[in-house]
Structure formats: C-alpha cells, structure tokens
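Q: I have a structure I would like to understand better, so I am pasting it below and will then ask my questions one at a time.
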Amino acid sequence: MPELIPVLKKNDINNMVAQVARRISSDYQDHELILIGVLKGAFVFLSDLMRHLSIPVQVDFVRVASYGSDTSSSGRINLTKAIEIDVKNKDILVVEDIVDTGLTLSYIIDYLKSFNPKTVRVCVLLDKRERRQAKVKIDYACHEVTEGFLVGYGLDYNEGYRDLPEIYHLQF
Ligand code: IMP
C-alpha cells in the first residue's frame, strides 16, 4: 500500500482559497465572469472557490481524457465534455486542480479561445512548475509544489483518494 504523507491541512487550503478568491473578486469587479472547471479533479476546489468569491459568477465544466501512465499525462488529450454556456465576449477563468506539464491546460485554453471569449485566464490550486513542457500563463496559483504525486481534495490516483479533505503526497 502506498503511504500518505500530509502536505496541506484543511486550514492551509482554506486560507489559500480565501486569499485567491479575494484577488479574483477584486480583479473581476463589474465583469461577467464564467468559471470553467476541469472535471473531475477541480470540482472540490471550484466549489470552495466560488463560495469565497464576493462577485456573482456563472459556472460550467469541461472534461478531458489524457492517455499516459498512472502519474503523468502523455499529451494526447481528448475533450470528452464540451462547455454548454455561451462564452462569446465573456471573461473566462479556467479552474484546475493542478498543472504539471501544462499540456492539459494548453489544450483547454485553445479549445475555449475557439469560442471567441473576451479573456481567458487560469486559476490553479497547485502548480508543479518544474515539469512544465507547454508554455501556459498561470494567472492565479494558490500553492507551488516541487515534486511527487499529490492526492486528496479532488485529486485522485486511479479514481481513489478524491474524497480526502486534505492534500497528501502519495509515496509509492
Ligand atoms: P498536465 O497536462 O501534465 O499539466 O497534467 C494535468 C492533469 O494531470 C491534472 O488535471 C491532473 O488531473 C493530473 N495530475 C497531474 N499531477 C497530478 C498529481 O500530482 N496528482 C493528481 N493528478 C495529477
């Protein structure tokens, strides 16, 4: 059995989410903001984030499948759920759990830009900056991580551990 090593406690996560929500609320005052969550991993973060925002938002989701090993994506990405809200001329904020190589977000940003939104920015809970392959601008990152595979708070390993309220390093 892999070992779970604590990385972020409930309180740490709550403070990070509240802090990033304050920045987003201030940056998007008087804008019509649409949050686009990336399923499945981001749904926990997105639901906490939107409840910390002090501005009204609309919410939609995309889902992508990426084929690779258990712990890293190959870059071969397929869209398996499209957006359903009209985003033309709207401000979009993509909400993702973790960015690693950046290939997933880069694909999603290109997909969303094809609907001619006014702006597309990105908010991630965790930024694994060291392994980046695609150039993606991360506008809001709650926390930077250096290495390892993380689970909990929506992040999974083979569909397990998403339900854990805190974030752990999965040590194989
Ligand atoms: P990227 O395309 O390499 O940036 O990978 C991003 C996707 O891989 C995220 O949406 C996650 O679903 C998954 N991922 C990357 N690193 C981790 C991790 O440490 N734990 C869980 N999922 C991860």
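Chain labels A, B, ... are given in the sequence in which chains occur in the structure tokens; within each chain residues are numbered consecutively from 1, and ligands are likewise numbered from 1 in the order shown.
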Could you produce a table of the residues of chain A lying within 7 Å of ligand 1, with the nearest pair of atoms per residue and their separation in Å rounded to one decimal, using only C-alpha atoms and all ligand atoms, ordered by chain and increasing residue number, as a Markdown table?

A:
```
| residue | atom | partner | partner_atom_place_in_ligand_line | distance |
| --- | --- | --- | --- | --- |
| A:Gly41 | CA | ligand 1 | 12 (O) | 5.7 |
| A:Thr71 | CA | ligand 1 | 17 (C) | 6.5 |
| A:Ser72 | CA | ligand 1 | 3 (O) | 6.0 |
| A:Ser73 | CA | ligand 1 | 3 (O) | 5.0 |
| A:Gly75 | CA | ligand 1 | 2 (O) | 6.4 |
| A:Glu96 | CA | ligand 1 | 10 (O) | 6.4 |
| A:Asp97 | CA | ligand 1 | 10 (O) | 6.1 |
| A:Ile98 | CA | ligand 1 | 9 (C) | 5.1 |
| A:Val99 | CA | ligand 1 | 4 (O) | 4.0 |
| A:Asp100 | CA | ligand 1 | 4 (O) | 3.5 |
| A:Thr101 | CA | ligand 1 | 3 (O) | 3.6 |
| A:Gly102 | CA | ligand 1 | 4 (O) | 3.5 |
| A:Leu103 | CA | ligand 1 | 2 (O) | 4.0 |
| A:Thr104 | CA | ligand 1 | 2 (O) | 3.7 |
| A:Leu105 | CA | ligand 1 | 2 (O) | 6.3 |
| A:Gly148 | CA | ligand 1 | 19 (O) | 6.2 |
| A:Phe149 | CA | ligand 1 | 19 (O) | 3.6 |
| A:Leu150 | CA | ligand 1 | 19 (O) | 3.9 |
| A:Val151 | CA | ligand 1 | 20 (N) | 5.2 |
| A:Leu155 | CA | ligand 1 | 21 (C) | 4.7 |
| A:Asp156 | CA | ligand 1 | 21 (C) | 5.1 |
| A:Tyr157 | CA | ligand 1 | 21 (C) | 6.1 |
```

Q: Counting only C-alpha atoms, give me one row per residue of stretch 91-146 of chain A with an atom at most 10 Å from an atom of stretch 46-61 of chain A, showing the shortest contact pair and its distance in Å to one decimal, sorted by chain then residue number, as JSON lines.

A:
```
{"residue": "A:Ile92", "atom": "CA", "partner": "A:Gln58", "partner_atom": "CA", "distance": 9.6}
{"residue": "A:Leu93", "atom": "CA", "partner": "A:Val59", "partner_atom": "CA", "distance": 9.7}
{"residue": "A:Val94", "atom": "CA", "partner": "A:Phe61", "partner_atom": "CA", "distance": 9.0}
{"residue": "A:Val95", "atom": "CA", "partner": "A:Leu46", "partner_atom": "CA", "distance": 6.5}
{"residue": "A:Glu96", "atom": "CA", "partner": "A:Leu46", "partner_atom": "CA", "distance": 8.0}
{"residue": "A:Asp97", "atom": "CA", "partner": "A:Leu46", "partner_atom": "CA", "distance": 8.6}
{"residue": "A:Cys123", "atom": "CA", "partner": "A:Leu46", "partner_atom": "CA", "distance": 9.7}
{"residue": "A:Val124", "atom": "CA", "partner": "A:Leu46", "partner_atom": "CA", "distance": 9.7}
{"residue": "A:Leu125", "atom": "CA", "partner": "A:Leu46", "partner_atom": "CA", "distance": 9.4}
```

Q: Of the candidates A:Leu126, A:Val136, A:Ala141, A:Leu33, which one gets nearest to A:Val7 if we count only C-alpha atoms?

A: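 Using only C-alpha atoms, A:Val7 sits closest to A:Leu126.
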
Q: Write out as a ChimeraX atom specification the set of residues from stretch 10-167 of chain A that DSSP, computed on the backbone, places in strand (DSSP E).

A: /A:33-39,57-68,73-81,91-99,119-127,140-144,149-151,167

Q: For stretch 11-15 of chain A, find every residue with an atom within 10 Å (counting only C-alpha atoms), except residues of its own chain fewer than 3 positions away, and show them as a list in words.

A: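 Contacts, in chain order: Val7, Leu8, Ala18, Gln19, Val20, Ala21, Phe45, Asp48, Leu49, His52, Leu125, Cys142, His143, Tyr153, Pro165, Glu166 and Ile167 of chain A.
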
Q: If you keep all heavy atoms, can you produce a file of those selected residues as a compact mmCIF listing (two decimals), in the first residue's frame?

A:
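Contents of out.txt, as written:
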```txt
# COMPACT_ATOMS: atom_id res chain seq x y z
N VAL A 7 0.59 17.05 3.18
CA VAL A 7 1.22 18.20 2.53
C VAL A 7 0.49 19.49 2.90
O VAL A 7 1.10 20.47 3.31
CB VAL A 7 1.25 18.04 0.99
CG1 VAL A 7 1.78 19.29 0.30
CG2 VAL A 7 2.10 16.83 0.58
N LEU A 8 -0.84 19.49 2.76
CA LEU A 8 -1.61 20.69 3.10
C LEU A 8 -2.81 20.32 3.96
O LEU A 8 -3.60 19.45 3.61
CB LEU A 8 -2.10 21.40 1.83
CG LEU A 8 -1.03 22.04 0.94
CD1 LEU A 8 -1.61 22.44 -0.40
CD2 LEU A 8 -0.41 23.26 1.62
N ALA A 18 -9.29 31.27 0.18
CA ALA A 18 -9.86 32.58 0.54
C ALA A 18 -9.02 33.71 -0.04
O ALA A 18 -9.54 34.70 -0.58
CB ALA A 18 -9.93 32.70 2.06
N GLN A 19 -7.70 33.54 0.01
CA GLN A 19 -6.78 34.58 -0.48
C GLN A 19 -6.91 34.76 -2.00
O GLN A 19 -6.99 35.88 -2.50
CB GLN A 19 -5.36 34.16 -0.12
CG GLN A 19 -4.42 35.34 -0.05
CD GLN A 19 -3.01 34.89 0.31
OE1 GLN A 19 -2.78 33.73 0.67
NE2 GLN A 19 -2.07 35.79 0.19
N VAL A 20 -6.92 33.65 -2.73
CA VAL A 20 -7.01 33.76 -4.19
C VAL A 20 -8.40 34.29 -4.58
O VAL A 20 -8.54 35.06 -5.54
CB VAL A 20 -6.65 32.42 -4.89
CG1 VAL A 20 -7.81 31.45 -4.95
CG2 VAL A 20 -6.12 32.65 -6.28
N ALA A 21 -9.42 33.93 -3.81
CA ALA A 21 -10.78 34.41 -4.10
C ALA A 21 -10.86 35.93 -3.93
O ALA A 21 -11.55 36.60 -4.69
CB ALA A 21 -11.78 33.71 -3.19
N PHE A 45 -12.19 22.09 -5.43
CA PHE A 45 -11.59 23.42 -5.38
C PHE A 45 -12.57 24.47 -5.91
O PHE A 45 -12.77 25.52 -5.30
CB PHE A 45 -10.29 23.40 -6.20
CG PHE A 45 -9.61 24.72 -6.39
CD1 PHE A 45 -9.49 25.63 -5.34
CD2 PHE A 45 -9.06 25.06 -7.62
CE1 PHE A 45 -8.84 26.85 -5.52
CE2 PHE A 45 -8.42 26.26 -7.81
CZ PHE A 45 -8.31 27.16 -6.77
N ASP A 48 -15.40 25.33 -3.47
CA ASP A 48 -14.96 26.18 -2.36
C ASP A 48 -14.64 27.59 -2.87
O ASP A 48 -15.02 28.58 -2.25
CB ASP A 48 -13.70 25.59 -1.69
CG ASP A 48 -14.05 24.47 -0.72
OD1 ASP A 48 -15.25 24.32 -0.38
OD2 ASP A 48 -13.13 23.75 -0.31
N LEU A 49 -13.94 27.65 -4.01
CA LEU A 49 -13.54 28.96 -4.55
C LEU A 49 -14.75 29.85 -4.81
O LEU A 49 -14.78 31.00 -4.40
CB LEU A 49 -12.74 28.73 -5.86
CG LEU A 49 -12.30 29.99 -6.59
CD1 LEU A 49 -11.21 30.72 -5.81
CD2 LEU A 49 -11.77 29.66 -7.99
N HIS A 52 -16.22 31.48 -1.88
CA HIS A 52 -15.40 32.53 -1.25
C HIS A 52 -15.43 33.82 -2.07
O HIS A 52 -14.96 34.86 -1.60
CB HIS A 52 -13.94 32.08 -1.15
CG HIS A 52 -13.65 31.30 0.10
ND1 HIS A 52 -13.61 29.92 0.13
CD2 HIS A 52 -13.38 31.69 1.36
CE1 HIS A 52 -13.31 29.52 1.36
NE2 HIS A 52 -13.17 30.58 2.12
N LEU A 125 -5.05 25.38 -8.20
CA LEU A 125 -4.78 25.19 -6.78
C LEU A 125 -3.29 24.92 -6.59
O LEU A 125 -2.64 25.52 -5.76
CB LEU A 125 -5.61 24.01 -6.26
CG LEU A 125 -5.41 23.66 -4.79
CD1 LEU A 125 -5.94 24.75 -3.88
CD2 LEU A 125 -6.08 22.32 -4.46
N CYS A 142 -2.48 28.96 -6.17
CA CYS A 142 -2.57 29.01 -4.71
C CYS A 142 -1.29 28.53 -4.06
O CYS A 142 -0.88 29.05 -3.03
CB CYS A 142 -3.72 28.14 -4.23
SG CYS A 142 -5.32 28.73 -4.76
N HIS A 143 -0.65 27.51 -4.66
CA HIS A 143 0.50 26.90 -3.97
C HIS A 143 1.40 26.22 -4.99
O HIS A 143 0.91 25.57 -5.91
CB HIS A 143 -0.04 25.86 -2.98
CG HIS A 143 1.01 25.27 -2.09
ND1 HIS A 143 1.63 25.99 -1.10
CD2 HIS A 143 1.54 24.02 -2.05
CE1 HIS A 143 2.50 25.21 -0.49
NE2 HIS A 143 2.47 24.01 -1.05
N TYR A 153 -8.61 16.21 -1.72
CA TYR A 153 -9.25 17.47 -2.09
C TYR A 153 -9.55 17.50 -3.61
O TYR A 153 -9.28 18.46 -4.30
CB TYR A 153 -8.35 18.64 -1.67
CG TYR A 153 -9.03 19.98 -1.65
CD1 TYR A 153 -10.00 20.29 -0.70
CD2 TYR A 153 -8.70 20.97 -2.59
CE1 TYR A 153 -10.63 21.54 -0.69
CE2 TYR A 153 -9.32 22.21 -2.57
CZ TYR A 153 -10.27 22.48 -1.62
OH TYR A 153 -10.88 23.73 -1.60
N PRO A 165 -10.26 15.17 2.65
CA PRO A 165 -10.41 16.63 2.77
C PRO A 165 -9.09 17.39 2.75
O PRO A 165 -9.08 18.61 2.60
CB PRO A 165 -11.14 16.82 4.10
CG PRO A 165 -10.96 15.55 4.86
CD PRO A 165 -10.67 14.46 3.88
N GLU A 166 -7.96 16.69 2.91
CA GLU A 166 -6.66 17.36 2.93
C GLU A 166 -5.79 16.82 1.79
O GLU A 166 -6.16 15.85 1.13
CB GLU A 166 -5.99 17.14 4.28
CG GLU A 166 -6.92 17.55 5.42
CD GLU A 166 -6.26 17.68 6.77
OE1 GLU A 166 -5.40 16.84 7.07
OE2 GLU A 166 -6.62 18.61 7.49
N ILE A 167 -4.64 17.44 1.56
CA ILE A 167 -3.80 17.02 0.43
C ILE A 167 -2.56 16.28 0.94
O ILE A 167 -1.90 16.72 1.88
CB ILE A 167 -3.43 18.25 -0.43
CG1 ILE A 167 -4.72 18.80 -1.05
CG2 ILE A 167 -2.41 17.88 -1.52
CD1 ILE A 167 -4.54 20.08 -1.83
```

Q: Give the answer as one residue: which of A:Lys135, A:Asn158, A:Ile24, A:Phe115 has the shortest atom-to-atom distance to A:Glu84, using only C-alpha atoms?

A: A:Phe115

Q: Write out as a ChimeraX atom specification all residues of chain A that DSSP puts in alpha helix (DSSP H) for this structure's backbone.

A: /A:10-27,43-52,103-113

Q: Between atom CA of A:Ile36 and atom CA of A:Val122, measure the distance and give it in Å to one decimal.

A: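 Pair atom CA of A:Ile36 / atom CA of A:Val122 returns 9.4 Å.
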
Q: When you count only C-alpha atoms, which of these residues is closest to A:Arg121: A:Ile108, A:Ile138, A:Val145, A:Ala42?

A: A:Ile138

Q: Leaving out A:Met1 and any residue of its chain fewer than 4 positions from it, which residues lie within 12 Å of it when counting only C-alpha atoms, given as an MDAnalysis selection string?

A: chainID A and resid 170:172

Q: Quick one: of A:Tyr107, A:Gly152, A:Asp163, A:Glu32, who's nearest to A:Ser66, counting only C-alpha atoms?

A: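 The shortest atom-to-atom distance to A:Ser66 comes from A:Tyr107.
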
Q: If we count only C-alpha atoms, what is near A:Leu79 at a cut-off of 8 Å, once residues fewer than 4 positions away on the same chain are taken out, given as a list in words?

A: Val62, Arg63, Val64 and Ala65 of chain A

Q: In Å, how far is it from atom CA of A:Ser106 to atom CA of A:Tyr168?

A: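 So the answer is 25.9 Å.
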
Q: With distances taken over only C-alpha atoms, which of A:Arg129, A:Lys90, A:Lys10, A:Arg23 is nearest to A:Leu164?

A: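 Result for the nearest residue to A:Leu164: A:Lys10.
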
Q: What does the distance between atom CA of A:Gln29 and atom CA of A:Lys88 come to in Å, to one decimal place?

A: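 Going from atom CA of A:Gln29 over to atom CA of A:Lys88, I get 19.0 Å.
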